[in-house]
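Trainee: Right, I'll just put the structure down here and ask away after.
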Amino acid sequence: MPAKKPHERVMEFVEKELNKDPNLRSAELYKRAKSVSRMVSNMSVRQFHARYPLVVKRRQAAANPGRRKAASKPRRTVRAASSNRDAIRNELLAFAQDLAKADTQEATIRVMSGLEDRIDRIVKARG
């Protein structure tokens with residue numbers, strides 16, 4: 001049986017350690033991997049992470065395609081986000097225009113009394 005290359009030994013070590021503790025940080029893995037191969041000492045933690053832990057985690061994720069990290073919010077499309085921005089911007093501009101048109105204290109108070117309705121429309125537009 002031929003001896004394993006240093007790269008393969010480090011990869012197996014990282015995979016074994018991540019199977020034991022999936023939350024193990026790359027800096028800690030890096031320290032431990034230095035004892036497996038001296039070539040690891042020539043890398044930065046960032047390089048080590050990209051070459052070993054990241055690869056192992058991606059392989060594991062590909063092996064379990066149905067498994068998700070956490071239930072996340074559904075992603076918004078750019079179009080939906082921009083239409084939300086437009087609706088919010090329009091509401092704020094309408095408020096500013098109404099406030100600018102208010103020429104008396106009474107008119108200003110009337111505009112300000114409708115603030116709750118405007119806030120509701122902004123919240124609704126935000127989603």
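Residue names in the structure tokens use chain letters A, B, ... in the order shown, residue numbers from 1 in each chain, and ligand numbers from 1 in the order shown.
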If we count only C-alpha atoms and set the cut-off at 9 Å, which residues sit around region 8-15 of chain A, ignoring sequence neighbours fewer than 5 positions away in its own chain? Please answer as a ChimeraX atom specification.

Mentor: /A:20,29-30,33-34,36-37,40,51-53,55-57

Trainee: For the residues in that selection, give me C-alpha atoms as a PDB file, in the first residue's frame.

Mentor:
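Once written, result-v7.pdb looks like this:
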```
ATOM      1  CA  LYS A  20     -16.543  14.831  15.276  1.00  0.00           C
ATOM      2  CA  LEU A  29      -8.278  23.028  12.803  1.00  0.00           C
ATOM      3  CA  TYR A  30      -5.273  24.823  11.336  1.00  0.00           C
ATOM      4  CA  ALA A  33      -3.381  20.134  11.178  1.00  0.00           C
ATOM      5  CA  LYS A  34       0.141  21.488  11.551  1.00  0.00           C
ATOM      6  CA  VAL A  36      -0.257  16.183  10.488  1.00  0.00           C
ATOM      7  CA  SER A  37       1.851  17.857   7.818  1.00  0.00           C
ATOM      8  CA  VAL A  40       0.202  23.371   6.415  1.00  0.00           C
ATOM      9  CA  ARG A  51      -8.196  24.238   0.653  1.00  0.00           C
ATOM     10  CA  TYR A  52      -9.483  21.877   3.338  1.00  0.00           C
ATOM     11  CA  PRO A  53     -12.463  22.707   5.632  1.00  0.00           C
ATOM     12  CA  VAL A  55     -13.910  21.631   0.478  1.00  0.00           C
ATOM     13  CA  VAL A  56     -14.978  19.073   3.083  1.00  0.00           C
ATOM     14  CA  LYS A  57     -18.085  21.065   4.006  1.00  0.00           C
TER      15      LYS A  57
END
```

Trainee: Between CA of Asp21 (chain A) and CA of Pro2 (chain A), what distance in Å does the model show, to one decimal?

Mentor: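 CA of Pro2 (chain A) lies 29.5 Å from CA of Asp21 (chain A).
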
Trainee: Residues of region 12-59 of chain A in alpha helix (DSSP H) according to DSSP, as JSON, numbers by chain?

Mentor: {"A": [12, 13, 14, 15, 16, 17, 18, 19, 20, 26, 27, 28, 29, 30, 31, 32, 33, 45, 46, 47, 48, 49, 50, 51, 53, 54, 55, 56, 57, 58, 59]}

Trainee: Using only C-alpha atoms, can you tell me which of A:Leu92, A:Lys4, A:Ala62, A:Ala100 comes closest to Asp117 (chain A)?

Mentor: A:Leu92

Trainee: Set the distance at 10 Å and use only C-alpha atoms: which residues neighbour region 112-115 of chain A once local chain neighbours fewer than 4 positions away are removed? I'd like the list as number ranges by chain.

Mentor: A: 95, 98-99, 106-108, 119-121

Trainee: Residues within 8 Å of Ser26 (chain A), please, as an MDAnalysis selection string. Count only C-alpha atoms; anything in the same chain fewer than 5 positions from it doesn't count.

Mentor: chainID A and resid 45 48:49 53

Trainee: Go ahead and write the residues just picked, N, CA and C atoms, as a PDB file, in the first residue's frame.

Mentor:
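Written output follows (again-v1.pdb):
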```
ATOM      1  N   VAL A  45      -4.153  30.869   7.574  1.00  0.00           N
ATOM      2  CA  VAL A  45      -5.397  30.231   8.011  1.00  0.00           C
ATOM      3  C   VAL A  45      -6.439  30.315   6.896  1.00  0.00           C
ATOM      4  N   PHE A  48      -5.640  27.773   4.247  1.00  0.00           N
ATOM      5  CA  PHE A  48      -5.958  26.460   4.787  1.00  0.00           C
ATOM      6  C   PHE A  48      -7.461  26.209   4.735  1.00  0.00           C
ATOM      7  N   HIS A  49      -8.226  27.212   5.168  1.00  0.00           N
ATOM      8  CA  HIS A  49      -9.687  27.075   5.177  1.00  0.00           C
ATOM      9  C   HIS A  49     -10.224  26.803   3.767  1.00  0.00           C
ATOM     10  N   PRO A  53     -11.121  22.733   5.022  1.00  0.00           N
ATOM     11  CA  PRO A  53     -12.463  22.707   5.632  1.00  0.00           C
ATOM     12  C   PRO A  53     -13.586  23.091   4.670  1.00  0.00           C
TER      13      PRO A  53
END
```

Trainee: Neighbours of Ile88 (chain A) within 9 Å (only C-alpha atoms; same-chain residues fewer than 4 positions away dropped), as a list in words?

Mentor: Ser83, Asn84, Leu92, Leu93, Arg121, Ile122, Val123, Ala125 and Arg126 of chain A

Trainee: By how many Å are CA of Gly66 (chain A) and CA of Asn19 (chain A) apart?

Mentor: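 Pair CA of Gly66 (chain A) / CA of Asn19 (chain A) returns 18.5 Å.
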
Trainee: Record the distance separating CA of Lys124 (chain A) and CA of Arg110 (chain A), expressed in Å with one decimal.

Mentor: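 Computing it gives 22.4 Å between the two atoms.
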